[in-house]
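K.L.:
Supplied structure: final-v1.txt, compact mmCIF, C-alpha atoms.
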```txt
# COMPACT_ATOMS: atom_id res chain seq x y z
CA MET A 1 23.81 8.56 -20.67
CA ILE A 2 25.96 8.73 -17.55
CA ALA A 3 28.21 5.96 -16.20
CA ARG A 4 29.70 5.82 -12.73
CA GLN A 5 32.83 4.02 -11.62
CA LEU A 6 33.07 2.85 -8.02
CA ILE A 7 36.44 4.04 -6.71
CA LYS A 8 36.73 3.00 -3.06
CA SER A 9 34.75 1.96 0.00
CA GLN A 10 35.79 2.67 3.57
CA ILE A 11 32.56 2.35 5.55
CA LYS A 12 32.93 2.99 9.28
CA SER A 13 29.71 2.59 11.31
CA PRO A 14 27.92 5.54 9.69
CA THR A 15 24.57 7.14 10.45
CA VAL A 16 22.17 8.17 7.68
CA SER A 17 18.79 9.89 7.47
CA ILE A 18 16.83 8.94 4.34
CA PRO A 19 14.41 11.23 2.42
CA GLY A 20 10.64 10.67 2.37
CA SER A 21 8.96 7.76 0.58
CA LYS A 22 7.95 8.31 -3.03
CA TYR A 23 5.32 5.58 -2.63
CA LEU A 24 3.58 7.52 0.11
CA ALA A 25 4.11 10.87 -1.59
CA ASN A 26 2.59 9.64 -4.86
CA ARG A 27 -0.55 8.53 -3.04
CA TYR A 28 -0.83 11.74 -1.02
CA ILE A 29 -0.41 13.87 -4.15
CA ALA A 30 -3.16 12.01 -6.01
CA LEU A 31 -5.53 12.24 -3.04
CA ALA A 32 -4.74 15.91 -2.43
CA ALA A 33 -5.62 16.62 -6.06
CA ILE A 34 -9.20 15.30 -5.61
CA SER A 35 -9.68 16.76 -2.12
CA PRO A 36 -11.33 20.18 -1.75
CA GLY A 37 -9.23 22.74 0.09
CA ARG A 38 -5.49 22.90 0.70
CA THR A 39 -3.29 19.97 1.69
CA ILE A 40 0.19 20.52 3.15
CA VAL A 41 2.67 17.71 2.47
CA LYS A 42 6.05 17.78 4.23
CA ASN A 43 9.29 15.81 3.72
CA VAL A 44 8.41 15.19 0.07
CA PRO A 45 11.29 13.55 -1.86
CA ASN A 46 12.63 15.53 -4.79
CA ASN A 47 12.88 13.15 -7.73
CA ASP A 48 11.66 12.69 -11.31
CA ASP A 49 8.58 10.68 -10.31
CA ILE A 50 7.37 13.29 -7.84
CA GLN A 51 8.06 16.18 -10.21
CA ALA A 52 6.08 14.37 -12.91
CA ALA A 53 3.19 13.79 -10.48
CA LEU A 54 3.06 17.45 -9.42
CA THR A 55 3.18 18.60 -13.05
CA ALA A 56 0.34 16.20 -13.91
CA ILE A 57 -2.06 17.32 -11.18
CA LYS A 58 -1.38 20.95 -12.11
CA ALA A 59 -2.38 20.14 -15.69
CA LEU A 60 -5.62 18.65 -14.32
CA GLY A 61 -6.45 21.87 -12.48
CA ALA A 62 -4.87 21.53 -9.05
CA LYS A 63 -2.71 24.36 -7.69
CA VAL A 64 0.77 23.51 -6.41
CA GLU A 65 3.02 25.76 -4.33
CA ILE A 66 6.50 24.43 -3.52
CA SER A 67 8.84 25.67 -0.81
CA ALA A 68 11.90 24.20 0.83
CA GLU A 69 9.89 22.86 3.77
CA GLN A 70 6.64 21.68 2.19
CA ILE A 71 4.33 21.43 -0.81
CA LEU A 72 0.90 23.03 -0.65
CA ILE A 73 -1.72 21.48 -2.96
CA THR A 74 -5.14 23.03 -3.61
CA GLY A 75 -7.53 20.40 -4.95
CA ILE A 76 -9.14 20.45 -8.42
CA SER A 77 -12.34 22.51 -8.55
CA ASN A 78 -14.59 23.34 -11.53
CA TYR A 79 -11.82 22.98 -14.09
CA HIS A 80 -13.23 22.57 -17.62
CA PRO A 81 -10.65 23.43 -20.29
CA GLN A 82 -11.85 23.65 -23.90
CA HIS A 83 -9.09 21.43 -25.24
CA PRO A 84 -8.00 17.93 -24.18
CA ILE A 85 -5.50 17.82 -21.30
CA ILE A 86 -2.25 16.09 -22.27
CA LEU A 87 -0.34 14.41 -19.44
CA ASP A 88 3.23 13.07 -19.62
CA CYS A 89 3.99 10.45 -16.97
CA ARG A 90 7.63 10.32 -18.10
CA ASP A 91 9.17 7.11 -16.67
CA SER A 92 6.70 6.65 -13.81
CA GLY A 93 4.60 3.50 -13.94
CA THR A 94 3.02 4.38 -10.60
CA LEU A 95 1.95 7.79 -11.88
CA SER A 96 0.48 6.34 -15.06
CA ARG A 97 -1.91 4.20 -12.99
CA PHE A 98 -2.67 6.80 -10.29
CA ILE A 99 -3.17 9.77 -12.63
CA THR A 100 -5.46 7.63 -14.77
CA ALA A 101 -7.60 7.27 -11.65
CA VAL A 102 -7.56 11.01 -10.91
CA ALA A 103 -8.34 11.84 -14.54
CA ALA A 104 -11.30 9.45 -14.50
CA THR A 105 -13.01 11.65 -11.89
CA LEU A 106 -13.13 14.64 -14.29
CA GLU A 107 -15.56 15.50 -17.10
CA SER A 108 -12.75 16.79 -19.30
CA LYS A 109 -11.03 14.78 -22.03
CA VAL A 110 -7.59 13.69 -20.81
CA VAL A 111 -4.84 11.98 -22.82
CA ILE A 112 -2.26 10.10 -20.74
CA ASP A 113 1.14 9.34 -22.24
CA ALA A 114 4.65 8.52 -21.03
CA SER A 115 8.13 7.54 -22.20
CA GLU A 116 8.70 4.83 -24.78
CA GLN A 117 9.70 2.46 -21.99
CA MET A 118 6.45 3.08 -20.08
CA ARG A 119 4.42 2.59 -23.25
CA SER A 120 5.40 -1.07 -23.12
CA ARG A 121 3.94 -1.59 -19.65
CA PRO A 122 0.41 -3.02 -19.35
CA MET A 123 -2.63 -0.80 -18.79
CA GLN A 124 -5.40 -3.09 -20.08
CA GLU A 125 -6.48 -4.16 -16.61
CA ILE A 126 -7.38 -0.67 -15.42
CA ILE A 127 -8.84 0.23 -18.82
CA ASP A 128 -11.29 -2.69 -18.66
CA SER A 129 -12.35 -1.80 -15.12
CA LEU A 130 -12.89 1.90 -15.87
CA VAL A 131 -15.04 1.03 -18.89
CA GLU A 132 -17.23 -1.09 -16.60
CA LEU A 133 -17.58 1.98 -14.35
CA ASN A 134 -18.87 4.08 -17.28
CA VAL A 135 -15.64 5.93 -18.14
CA ILE A 136 -15.06 6.39 -21.89
CA VAL A 137 -11.57 5.07 -22.70
CA ASP A 138 -9.76 5.30 -26.02
CA SER A 139 -6.87 2.86 -26.39
CA ASP A 140 -5.56 0.92 -29.36
CA ASN A 141 -3.58 -1.82 -27.67
CA GLY A 142 -4.02 -1.70 -23.89
CA HIS A 143 -0.94 0.48 -23.43
CA LEU A 144 -0.22 4.17 -23.20
CA PRO A 145 -1.17 6.56 -24.67
CA ILE A 146 -4.83 6.35 -23.67
CA GLY A 147 -7.67 8.89 -23.74
CA LEU A 148 -10.21 9.23 -20.93
CA ASN A 149 -13.59 10.91 -20.57
CA GLY A 150 -15.21 10.75 -17.14
CA PRO A 151 -16.61 11.27 -14.68
CA ILE A 152 -16.55 7.81 -13.17
CA LYS A 153 -20.08 6.59 -12.43
CA GLY A 154 -19.44 3.67 -10.07
CA GLY A 155 -21.25 0.36 -9.90
CA LYS A 156 -19.48 -2.99 -10.09
CA CYS A 157 -16.30 -3.95 -11.88
CA SER A 158 -13.91 -6.85 -12.01
CA LEU A 159 -10.15 -6.38 -12.00
CA ASN A 160 -7.13 -8.51 -12.70
CA ALA A 161 -4.48 -7.35 -10.20
CA SER A 162 -2.15 -10.31 -10.69
CA ARG A 163 0.47 -8.22 -12.54
CA SER A 164 0.36 -5.04 -10.46
CA SER A 165 -1.38 -3.83 -7.30
CA GLN A 166 -1.21 -0.31 -8.75
CA PHE A 167 -4.31 -1.03 -10.84
CA LEU A 168 -6.33 -1.63 -7.67
CA SER A 169 -4.78 1.32 -5.85
CA GLY A 170 -5.73 3.60 -8.73
CA LEU A 171 -9.32 2.36 -8.80
CA LEU A 172 -9.69 2.74 -5.03
CA ILE A 173 -8.69 6.40 -5.37
CA ALA A 174 -10.95 7.04 -8.39
CA ALA A 175 -13.98 5.36 -6.78
CA LEU A 176 -13.90 7.84 -3.88
CA LYS A 177 -15.42 10.39 -6.30
CA ALA A 178 -17.79 8.05 -8.17
CA LYS A 179 -21.47 9.02 -8.46
CA GLU A 180 -22.58 5.63 -7.12
CA ASP A 181 -21.12 3.12 -4.67
CA THR A 182 -18.39 1.01 -6.28
CA LEU A 183 -17.74 -2.70 -5.76
CA ILE A 184 -14.37 -3.88 -7.05
CA GLN A 185 -14.06 -7.65 -7.39
CA LEU A 186 -10.62 -9.11 -8.03
CA GLU A 187 -10.34 -12.02 -10.44
CA SER A 188 -7.45 -13.57 -8.51
CA GLU A 189 -5.21 -12.93 -5.54
CA PRO A 190 -3.50 -9.54 -5.92
CA VAL A 191 0.27 -9.13 -5.85
CA SER A 192 2.03 -6.81 -3.40
CA GLN A 193 -0.71 -6.83 -0.77
CA SER A 194 1.23 -4.40 1.40
CA TYR A 195 0.99 -1.70 -1.27
CA ILE A 196 -2.79 -2.03 -1.26
CA GLU A 197 -2.74 -1.46 2.50
CA LEU A 198 -0.51 1.56 1.89
CA THR A 199 -3.19 3.03 -0.38
CA ILE A 200 -6.03 2.35 2.07
CA LYS A 201 -4.08 3.95 4.92
CA ALA A 202 -3.37 6.99 2.73
CA ILE A 203 -7.08 7.30 1.90
CA GLU A 204 -7.89 7.21 5.62
CA LYS A 205 -5.52 10.16 6.20
CA PHE A 206 -7.90 12.17 3.99
CA SER A 207 -10.95 10.93 5.96
CA GLY A 208 -11.91 8.55 3.16
CA ALA A 209 -12.91 4.94 3.69
CA VAL A 210 -12.61 1.62 1.87
CA LYS A 211 -14.59 -1.35 3.13
CA ARG A 212 -12.62 -4.54 2.60
CA ILE A 213 -15.28 -7.24 2.37
CA ASN A 214 -12.66 -9.95 1.89
CA ASN A 215 -9.30 -10.32 0.16
CA ARG A 216 -10.90 -9.95 -3.29
CA GLU A 217 -13.78 -7.54 -2.76
CA PHE A 218 -13.64 -3.83 -1.93
CA LEU A 219 -16.64 -1.54 -1.43
CA ILE A 220 -16.19 2.23 -1.76
CA GLU A 221 -19.08 4.53 -0.90
CA ALA A 222 -19.97 7.17 -3.48
CA ASN A 223 -18.81 10.79 -3.59
CA GLN A 224 -16.87 10.75 -0.35
CA LYS A 225 -16.14 14.07 1.35
CA LEU A 226 -12.37 14.03 1.51
CA LEU A 227 -10.67 16.43 3.88
CA ALA A 228 -7.35 18.10 3.21
CA SER A 229 -4.81 17.84 5.99
CA THR A 230 -1.16 18.30 6.92
CA ILE A 231 0.89 15.18 6.23
CA ASN A 232 4.52 14.33 6.94
CA VAL A 233 5.94 11.78 4.49
CA ALA A 234 7.77 8.99 6.31
CA SER A 235 11.28 7.94 5.23
CA ASP A 236 11.47 5.65 2.23
CA VAL A 237 12.06 2.10 3.46
CA VAL A 238 13.29 0.87 0.06
CA SER A 239 15.93 3.59 -0.07
CA CYS A 240 16.94 2.51 3.43
CA SER A 241 17.54 -1.03 2.18
CA TYR A 242 20.62 -0.06 0.15
CA PHE A 243 22.37 1.26 3.23
CA MET A 244 21.57 -1.85 5.27
CA ALA A 245 23.04 -3.93 2.46
CA ALA A 246 26.09 -1.69 2.15
CA ALA A 247 26.96 -2.15 5.81
CA LEU A 248 26.56 -5.93 5.70
CA ILE A 249 28.56 -6.31 2.49
CA ALA A 250 31.31 -4.18 4.06
CA LYS A 251 31.09 -6.24 7.27
CA THR A 252 30.30 -3.27 9.48
CA SER A 253 27.22 -1.57 10.96
CA ILE A 254 24.89 1.29 10.20
CA ARG A 255 22.33 3.42 12.01
CA ILE A 256 19.32 4.58 9.99
CA GLU A 257 17.61 7.51 11.65
CA ASN A 258 13.81 7.77 11.90
CA TYR A 259 13.11 4.39 10.30
CA ASP A 260 9.42 3.82 9.53
CA PHE A 261 8.84 0.81 11.80
CA ASP A 262 5.05 1.24 11.56
CA SER A 263 4.92 1.15 7.78
CA VAL A 264 2.52 -1.34 6.18
CA GLN A 265 4.82 -1.41 3.14
CA GLY A 266 6.24 -4.89 2.80
CA GLU A 267 9.81 -3.71 2.29
CA SER A 268 9.83 -2.26 5.80
CA LYS A 269 10.14 -5.88 7.01
CA LEU A 270 13.47 -6.41 5.22
CA PRO A 271 15.39 -6.15 8.54
CA SER A 272 13.71 -9.38 9.67
CA VAL A 273 14.99 -11.08 6.50
CA LEU A 274 18.49 -9.84 7.29
CA GLN A 275 18.19 -11.34 10.76
CA ILE A 276 17.42 -14.73 9.22
CA MET A 277 20.57 -14.35 7.10
CA GLY A 278 22.62 -13.70 10.26
CA ALA A 279 22.69 -9.93 10.72
CA GLU A 280 22.14 -8.35 14.11
CA VAL A 281 19.16 -5.97 13.94
CA SER A 282 17.88 -3.74 16.75
CA LYS A 283 15.74 -0.68 17.40
CA GLU A 284 16.91 2.30 19.43
CA GLN A 285 14.01 4.70 19.89
CA SER A 286 13.16 5.77 16.31
CA ASP A 287 16.43 4.49 14.77
CA LEU A 288 17.23 1.14 13.13
CA LEU A 289 20.63 -0.46 13.79
CA VAL A 290 21.97 -3.15 11.46
CA LYS A 291 25.24 -4.83 12.39
CA TYR A 292 27.46 -7.48 10.80
CA THR A 293 28.58 -10.01 13.43
CA LYS A 294 29.06 -13.20 11.41
CA PRO A 295 29.02 -14.37 7.79
CA LEU A 296 25.63 -14.07 6.10
CA LYS A 297 23.90 -17.33 5.17
CA GLY A 298 21.86 -18.06 2.06
CA ILE A 299 18.10 -18.49 2.66
CA THR A 300 14.89 -19.39 0.85
CA ILE A 301 12.47 -16.47 1.06
CA ASP A 302 9.10 -15.47 -0.44
CA MET A 303 9.52 -11.82 -1.53
CA GLY A 304 6.06 -11.38 -3.04
CA ASN A 305 5.27 -8.56 -0.61
CA MET A 306 8.75 -6.99 -0.79
CA PRO A 307 9.26 -6.69 -4.56
CA ASP A 308 11.34 -3.53 -4.60
CA ALA A 309 13.83 -4.96 -2.11
CA VAL A 310 14.55 -7.98 -4.34
CA PRO A 311 17.50 -6.39 -6.19
CA THR A 312 19.00 -5.35 -2.84
CA LEU A 313 18.61 -8.85 -1.41
CA ALA A 314 20.02 -10.40 -4.58
CA VAL A 315 23.23 -8.35 -4.29
CA MET A 316 23.60 -9.29 -0.61
CA ALA A 317 23.12 -12.93 -1.56
CA VAL A 318 26.21 -12.68 -3.79
CA PHE A 319 28.29 -12.30 -0.60
CA ALA A 320 26.41 -14.83 1.54
CA GLU A 321 27.46 -18.41 2.15
CA GLY A 322 25.46 -21.00 0.26
CA THR A 323 22.43 -20.51 -1.97
CA THR A 324 19.65 -17.95 -1.70
CA GLN A 325 16.33 -18.78 -3.35
CA ILE A 326 14.03 -15.76 -3.91
CA THR A 327 10.49 -16.85 -4.78
CA ASN A 328 7.07 -15.45 -5.76
CA VAL A 329 8.48 -12.56 -7.78
CA GLY A 330 6.82 -13.04 -11.18
CA HIS A 331 5.44 -9.49 -11.13
CA LEU A 332 9.01 -8.11 -11.24
CA ALA A 333 8.95 -8.75 -14.98
CA PHE A 334 6.65 -5.73 -15.37
CA LYS A 335 8.68 -3.07 -13.57
CA GLU A 336 10.91 -0.37 -15.11
CA SER A 337 12.91 -3.29 -16.46
CA ASN A 338 12.33 -7.02 -16.32
CA ARG A 339 13.86 -7.22 -12.86
CA ILE A 340 14.16 -10.99 -13.01
CA VAL A 341 15.98 -11.34 -16.32
CA ASP A 342 17.85 -8.02 -16.40
CA LEU A 343 19.04 -8.20 -12.80
CA CYS A 344 20.38 -11.72 -13.15
CA GLU A 345 22.03 -11.12 -16.52
CA GLN A 346 23.88 -8.12 -15.09
CA LEU A 347 24.99 -10.14 -12.06
CA LYS A 348 26.31 -12.83 -14.38
CA LEU A 349 28.54 -10.26 -16.07
CA VAL A 350 30.59 -9.89 -12.88
CA GLY A 351 30.76 -13.65 -12.40
CA VAL A 352 27.80 -14.38 -10.10
CA ASP A 353 26.37 -17.90 -10.12
CA CYS A 354 22.76 -16.96 -10.84
CA GLU A 355 19.69 -18.77 -12.22
CA TYR A 356 16.15 -17.57 -12.75
CA GLY A 357 12.70 -18.54 -13.97
CA ASP A 358 9.31 -16.91 -14.40
CA ASP A 359 8.88 -16.26 -10.67
CA PHE A 360 12.16 -17.04 -8.91
CA ILE A 361 15.82 -16.06 -8.67
CA THR A 362 18.53 -18.34 -7.30
CA ILE A 363 21.96 -16.98 -6.34
CA THR A 364 24.87 -18.97 -5.00
CA GLY A 365 27.43 -16.95 -3.07
CA GLY A 366 31.18 -17.32 -3.11
CA SER A 367 31.82 -16.79 -6.83
CA ILE A 368 35.05 -15.18 -8.01
CA LEU A 369 33.98 -11.72 -9.11
CA LYS A 370 35.52 -9.40 -11.68
CA ALA A 371 35.33 -5.68 -12.34
CA THR A 372 33.41 -4.92 -15.54
CA ARG A 373 30.62 -2.72 -16.86
CA VAL A 374 27.07 -3.46 -15.79
CA SER A 375 23.94 -1.61 -16.86
CA SER A 376 21.02 -0.29 -14.87
CA CYS A 377 18.80 -1.16 -17.85
CA HIS A 378 17.29 2.29 -17.24
CA ASP A 379 15.95 1.01 -13.90
CA HIS A 380 16.63 3.00 -10.74
CA ARG A 381 16.42 -0.08 -8.50
CA LEU A 382 19.04 -1.92 -10.55
CA ALA A 383 21.34 1.12 -10.64
CA MET A 384 21.29 1.48 -6.85
CA SER A 385 21.61 -2.19 -5.99
CA LEU A 386 24.27 -3.06 -8.58
CA ALA A 387 26.40 -0.16 -7.33
CA LEU A 388 26.76 -1.99 -4.02
CA LEU A 389 28.81 -4.67 -5.78
CA GLY A 390 31.52 -2.01 -6.01
CA ILE A 391 32.11 -2.31 -2.26
CA LYS A 392 33.89 -5.58 -3.01
CA ILE A 393 34.69 -5.03 -6.69
CA PRO A 394 36.78 -1.85 -7.03
CA ASN A 395 36.47 -0.08 -10.40
CA LEU A 396 33.10 -1.62 -11.20
CA ILE A 397 31.27 0.62 -13.68
CA VAL A 398 27.50 1.16 -13.61
CA GLU A 399 26.17 2.38 -16.96
CA ASP A 400 23.01 4.49 -17.24
CA ALA A 401 23.66 5.59 -13.67
CA GLN A 402 21.37 8.61 -13.96
CA ALA A 403 18.41 6.21 -13.62
CA VAL A 404 18.59 6.89 -9.85
CA GLU A 405 16.99 10.28 -10.52
CA LYS A 406 13.64 8.54 -10.79
CA SER A 407 13.40 7.98 -7.03
CA PHE A 408 16.66 9.00 -5.27
CA PRO A 409 18.62 11.67 -7.20
CA GLN A 410 21.05 12.20 -4.32
CA TYR A 411 21.90 8.49 -4.09
CA TRP A 412 25.54 8.81 -5.14
CA GLN A 413 26.07 11.66 -2.67
CA TYR A 414 24.48 9.62 0.12
CA LEU A 415 26.80 6.71 -0.69
CA GLU A 416 29.76 9.05 -0.47
CA GLN A 417 28.59 10.22 2.98
CA ILE A 418 29.06 6.67 4.27
CA GLY A 419 32.38 6.13 2.48
CA ILE A 420 31.44 4.64 -0.91
CA VAL A 421 33.07 6.93 -3.48
CA SER A 422 32.24 6.99 -7.19
CA GLU A 423 32.86 9.34 -10.09
CA GLU A 424 31.20 10.06 -13.41
CA ILE A 425 32.97 8.70 -16.46
CA ASN A 426 32.29 8.52 -20.18
```
Could I get this file's structure written as structure tokens?
P.N.:
Amino acid sequence: MIARQLIKSQIKSPTVSIPGSKYLANRYIALAAISPGRTIVKNVPNNDDIQAALTAIKALGAKVEISAEQILITGISNYHPQHPIILDCRDSGTLSRFITAVAATLESKVVIDASEQMRSRPMQEIIDSLVELNVIVDSDNGHLPIGLNGPIKGGKCSLNASRSSQFLSGLLIAALKAKEDTLIQLESEPVSQSYIELTIKAIEKFSGAVKRINNREFLIEANQKLLASTINVASDVVSCSYFMAAALIAKTSIRIENYDFDSVQGESKLPSVLQIMGAEVSKEQSDLLVKYTKPLKGITIDMGNMPDAVPTLAVMAVFAEGTTQITNVGHLAFKESNRIVDLCEQLKLVGVDCEYGDDFITITGGSILKATRVSSCHDHRLAMSLALLGIKIPNLIVEDAQAVEKSFPQYWQYLEQIGIVSEEIN
């Protein structure tokens, strides 16, 4: 386990260019695996989640060729191994849901497993839906590991997507290869609507189609003829959020090159939240400019469609005037950590006035803060956001700092580029 101590921060109006989005890349990799022919994917981020995804589709029969500029994926074709395929999703919750969908399109027996931490995350929702669609599923307790025997037949299924939109995203991908048309009916309003749109847009890039009958019903035509293509992965908007926050906490400005202004991902709208708090936000061609001009103000904000930016916003709220109320975030309890409880308990360790409930976080700025040890709780989002406290709390130590490798392995180097220096310690 690696800890990092924040040494100094001297941010001076930097410019950064952020790697591609793992959310987009994960979807493109899954779709490329079930598409005949060869798909070229460029600007793919190099992190644990993506490496796990590429390893998984190779185990399912896809071919993967990696170079410095791109990844070439040849889709699965007539792969029928004699023994069950064993997949390790490592620490990737997204992969566990998406690869379950890909595996459901095959006739082979597939066993899907992951780390101990991921084994605690729910899978029952997608299990129930796949069983309705004629997939044989072997699971003791609704968690990983699970065994699958497809192929998916199609038909009608109901789905509870109130804890994670990834269940629906996975089913949308699997249903593209079903033998019959598939109607997915949601039992309640789904969380993280923007991530569902992200999946539908990704499917369209492969010439697939999802008919959205209404907010709770999705029709997918059977056995769609997906087409491989060349895809450039847009910059990761969540990774961008840490650098916006860093500039505002340091009371300076930042330019983020090639920001994905057209993204349907909810977190891409974080700049508008910063404007409400008092930041100056502007667009210059393809770049985003965020500038501190006056003290930030606490706000009340529904972050249901921006879940992965909640830790970033929470840390900014520590340095804002007044109280910030973050609402509609109950689904954060089912991420890599319980991002409601764990985030707030770590903030309290440095002296933050913080309260929380099942679906809200309340932070009052202006507390007297102290340097101490905080933990990422093995959560990459907590590691990256808590590190920003070090801008104002010299010698803050972030334990389990290697958690950033899940989505942004170069995070500490990128911080150093803009003047936030840290070092590994025991």
K.L.:
Could you tell me which of A:Ser21, A:Asn426, A:Asn78, A:Asn141 comes closest to Ser268 (chain A) if we count only C-alpha atoms?
P.N.:
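Going through A:Ser21, A:Asn426, A:Asn78, A:Asn141 one by one, the smallest distance to Ser268 (chain A) is for A:Ser21.
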K.L.:
Could you tell me which of A:Ala246, A:Leu72, A:Leu159, A:Met118 comes closest to Gly93 (chain A) if we count only C-alpha atoms?
P.N.:
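Using only C-alpha atoms, Gly93 (chain A) sits closest to A:Met118.
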K.L.:
Between A:Ser241, A:Asn395, A:Ser120, A:Thr323, which residue has the minimum interatomic distance to Leu274 (chain A), considering only C-alpha atoms?
P.N.:
A:Ser241
K.L.:
Please list as a VMD selection string every residue within 8 Å of Asn258 (chain A), counting only C-alpha atoms and excluding residues in the same chain fewer than 5 positions away.
P.N.:
chain A and resid 17 235 286 to 288
K.L.:
Which centre and which edge lengths, in Å to one decimal, describe the axis-aligned box that holds all listed atoms of region 140-156 of chain A after 3 Å is added on each side, as AutoDock Vina command-line options?
P.N.:
```
--center_x -10.7 --center_y 4.1 --center_z -19.6 --size_x 27.0 --size_y 20.3 --size_z 25.5
```
K.L.:
To one decimal in Å, tell me the separation between CA of Asn149 (chain A) and CA of Arg38 (chain A).
P.N.:
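For CA of Asn149 (chain A) relative to CA of Arg38 (chain A), the distance reads 25.7 Å.
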K.L.:
Would you compute the distance between CA of Arg121 (chain A) and CA of Ile361 (chain A)? Give it in Å to one decimal.
P.N.:
21.7 Å
K.L.:
Within 10 Å of region 293-304 of chain A, counting all atoms listed in the file, which residues qualify if same-chain residues fewer than 5 places away don't, as a ChimeraX atom specification?
P.N.:
/A:191-194,248-249,251-253,266-267,270,273-280,309-310,313,316-332,359-360,362-365
K.L.:
Of the candidates A:Leu60, A:Arg97, A:Phe408, A:Ile146, which shows the shortest atom-to-atom distance to Tyr79 (chain A), using only C-alpha atoms?
P.N.:
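Smallest distance to Tyr79 (chain A) is found for A:Leu60.
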